[in-house]
Structure formats: structure tokens, C-alpha cells
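Since the structure comes first, as C-alpha cells, the remarks are kept for the end.
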Amino acid sequence: MKLQINCTNCKKHFFIEEKAMGRNYLMDEIGAYFEKRCTHCNVKKEYHINQVEAHESGLPKLLGVSVGLLLMIFIRSLLGIKELLRILV
Ligand SMILES: [Zn+2]
């Protein structure tokens with residue numbers, strides 16, 4: 001998980017190097033207010049800790065969805081076989 005801030009100047013998201021250990025940890029580490037330079041427009045602005053957003057990479061979510069889908073297909077095929085056996089027996 002990465003941390004990102006929405007730049008108040010160019011409105012683009014940029015990542016900050018601090019690790020996501022929770023907001024309280026971050027507040028101890030860098031304080032409630034801190035200055036960050038946007039990696040897009042290079043403008044330094046003051047941000048509040050509440051403006052920090054956690055950026056989750058899309059991969060784990062995608063993996064969860066595909067595993068769920070496979071499981072659904074698996075259960076369905078099991079039910080299908082059961083149904084088939086009932087007809088045959
Ligand atoms: Zn910017």
C-alpha cells in the first residue's frame with residue numbers, strides 16, 4: 001500500500017515516500033501539517049494529514065475477484081455433477 005496526496009495546485013495525485021502504518025503513526029512521524037512537493041508540477045504546498053489517501057494497488061483486488069469467480073464456477077460445476085448423478089441414478 002502506498003500513500004498519495006491530491007495536489008492542490010495541479011489536482012493530480014502524487015505519492016509520498018512515508019510508509020502507510022496508519023494515520024496516528026504518520027502524525028507522529030511527520031506531524032499533522034507538513035509540506036510536500038508535487039512530483040507533477042513541482043509546487044510545494046502545505047498539506048494536512050487528513051489529505052493523505054491510501055493507494056491500494058489494483059492487483060490484490062483483481063486477484064480476489066478472480067478467485068471468487070473461480071470458486072463460483074467450481075461450486076456451480078459441483079452442483080451440476082450432483083444434479084447429473086441424481087438424474088442418472
Ligand atoms: Zn501538482
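For the C-alpha cells, the naming scheme is as follows: chains receive sequential letters (A, B, ...) according to their order of presentation, residues are indexed from 1 within each chain, and ligands are indexed from 1 in presentation order.
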Please, which residues in chain A fall within 7 Å of ligand 1 when counting only C-alpha atoms and all ligand atoms, and what is the closest atom pair and distance in Å to one decimal for each, ordered by chain then residue number, as a tab-separated table?
```
residue	atom	partner	partner_atom_place_in_ligand_line	distance
A:Cys7	CA	ligand 1	1 (Zn)	4.6
A:Thr8	CA	ligand 1	1 (Zn)	6.7
A:Asn9	CA	ligand 1	1 (Zn)	5.0
A:Cys10	CA	ligand 1	1 (Zn)	4.1
A:Lys11	CA	ligand 1	1 (Zn)	6.1
A:Lys12	CA	ligand 1	1 (Zn)	5.7
A:Cys38	CA	ligand 1	1 (Zn)	4.6
A:Thr39	CA	ligand 1	1 (Zn)	6.5
A:His40	CA	ligand 1	1 (Zn)	4.9
A:Cys41	CA	ligand 1	1 (Zn)	4.2
A:Asn42	CA	ligand 1	1 (Zn)	6.2
A:Val43	CA	ligand 1	1 (Zn)	6.0
```
>> Considering only C-alpha atoms, can you say which of A:Arg23, A:Arg86, A:Lys36, A:Arg76 comes closest to Ala54 in chain A?
In response: A:Arg23
>> I'd like the interatomic distance between CA of Ala32 in chain A and CA of Tyr47 in chain A, to a tenth of an Å.
In response: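 Between CA of Ala32 in chain A and CA of Tyr47 in chain A the gap is 8.3 Å.
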> Hey, what does DSSP flag as strand (DSSP E or B) within range 38-67 of chain A? Can you give it to me as a list in words?
Replying inline: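 Everything in range 38-67 of chain A that counts as strand (DSSP E or B) is Lys44, Lys45, Glu46, Tyr47, His48, Val52, Glu53, Ala54 and His55 of chain A.
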I want to know what sits within 9 Å of Lys2 in chain A, based on only C-alpha atoms, with residues of the same chain fewer than 2 positions away left out; could you give that as a PDB file with C-alpha atoms, in the first residue's frame?
```pdb
ATOM      1  CA  GLN A   4      -0.817   9.609  -2.092  1.00  0.00           C
ATOM      2  CA  PHE A  15       2.907   9.538  -3.982  1.00  0.00           C
ATOM      3  CA  ILE A  16       4.747  10.303  -0.768  1.00  0.00           C
ATOM      4  CA  GLU A  17       7.604   8.181   0.498  1.00  0.00           C
ATOM      5  CA  GLU A  18       6.259   7.703   4.009  1.00  0.00           C
ATOM      6  CA  LYS A  19       5.048   4.206   4.702  1.00  0.00           C
ATOM      7  CA  ALA A  20       1.408   3.510   5.455  1.00  0.00           C
ATOM      8  CA  GLU A  53      -5.006   8.853   0.957  1.00  0.00           C
ATOM      9  CA  ALA A  54      -4.039   5.237   0.902  1.00  0.00           C
ATOM     10  CA  HIS A  55      -3.495   3.947  -2.592  1.00  0.00           C
ATOM     11  CA  GLU A  56      -4.116   0.253  -2.943  1.00  0.00           C
ATOM     12  CA  SER A  57      -2.700  -1.411  -5.992  1.00  0.00           C
TER      13      SER A  57
END
```
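Atom pair CA of Lys45 in chain A / CA of Ile5 in chain A has a distance of 10.8 Å (rounded to one decimal).
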>> Using only C-alpha atoms, can you tell me which of A:Leu63, A:Leu71, A:Val52, A:Leu85 comes closest to Phe34 in chain A?
In response: A:Val52
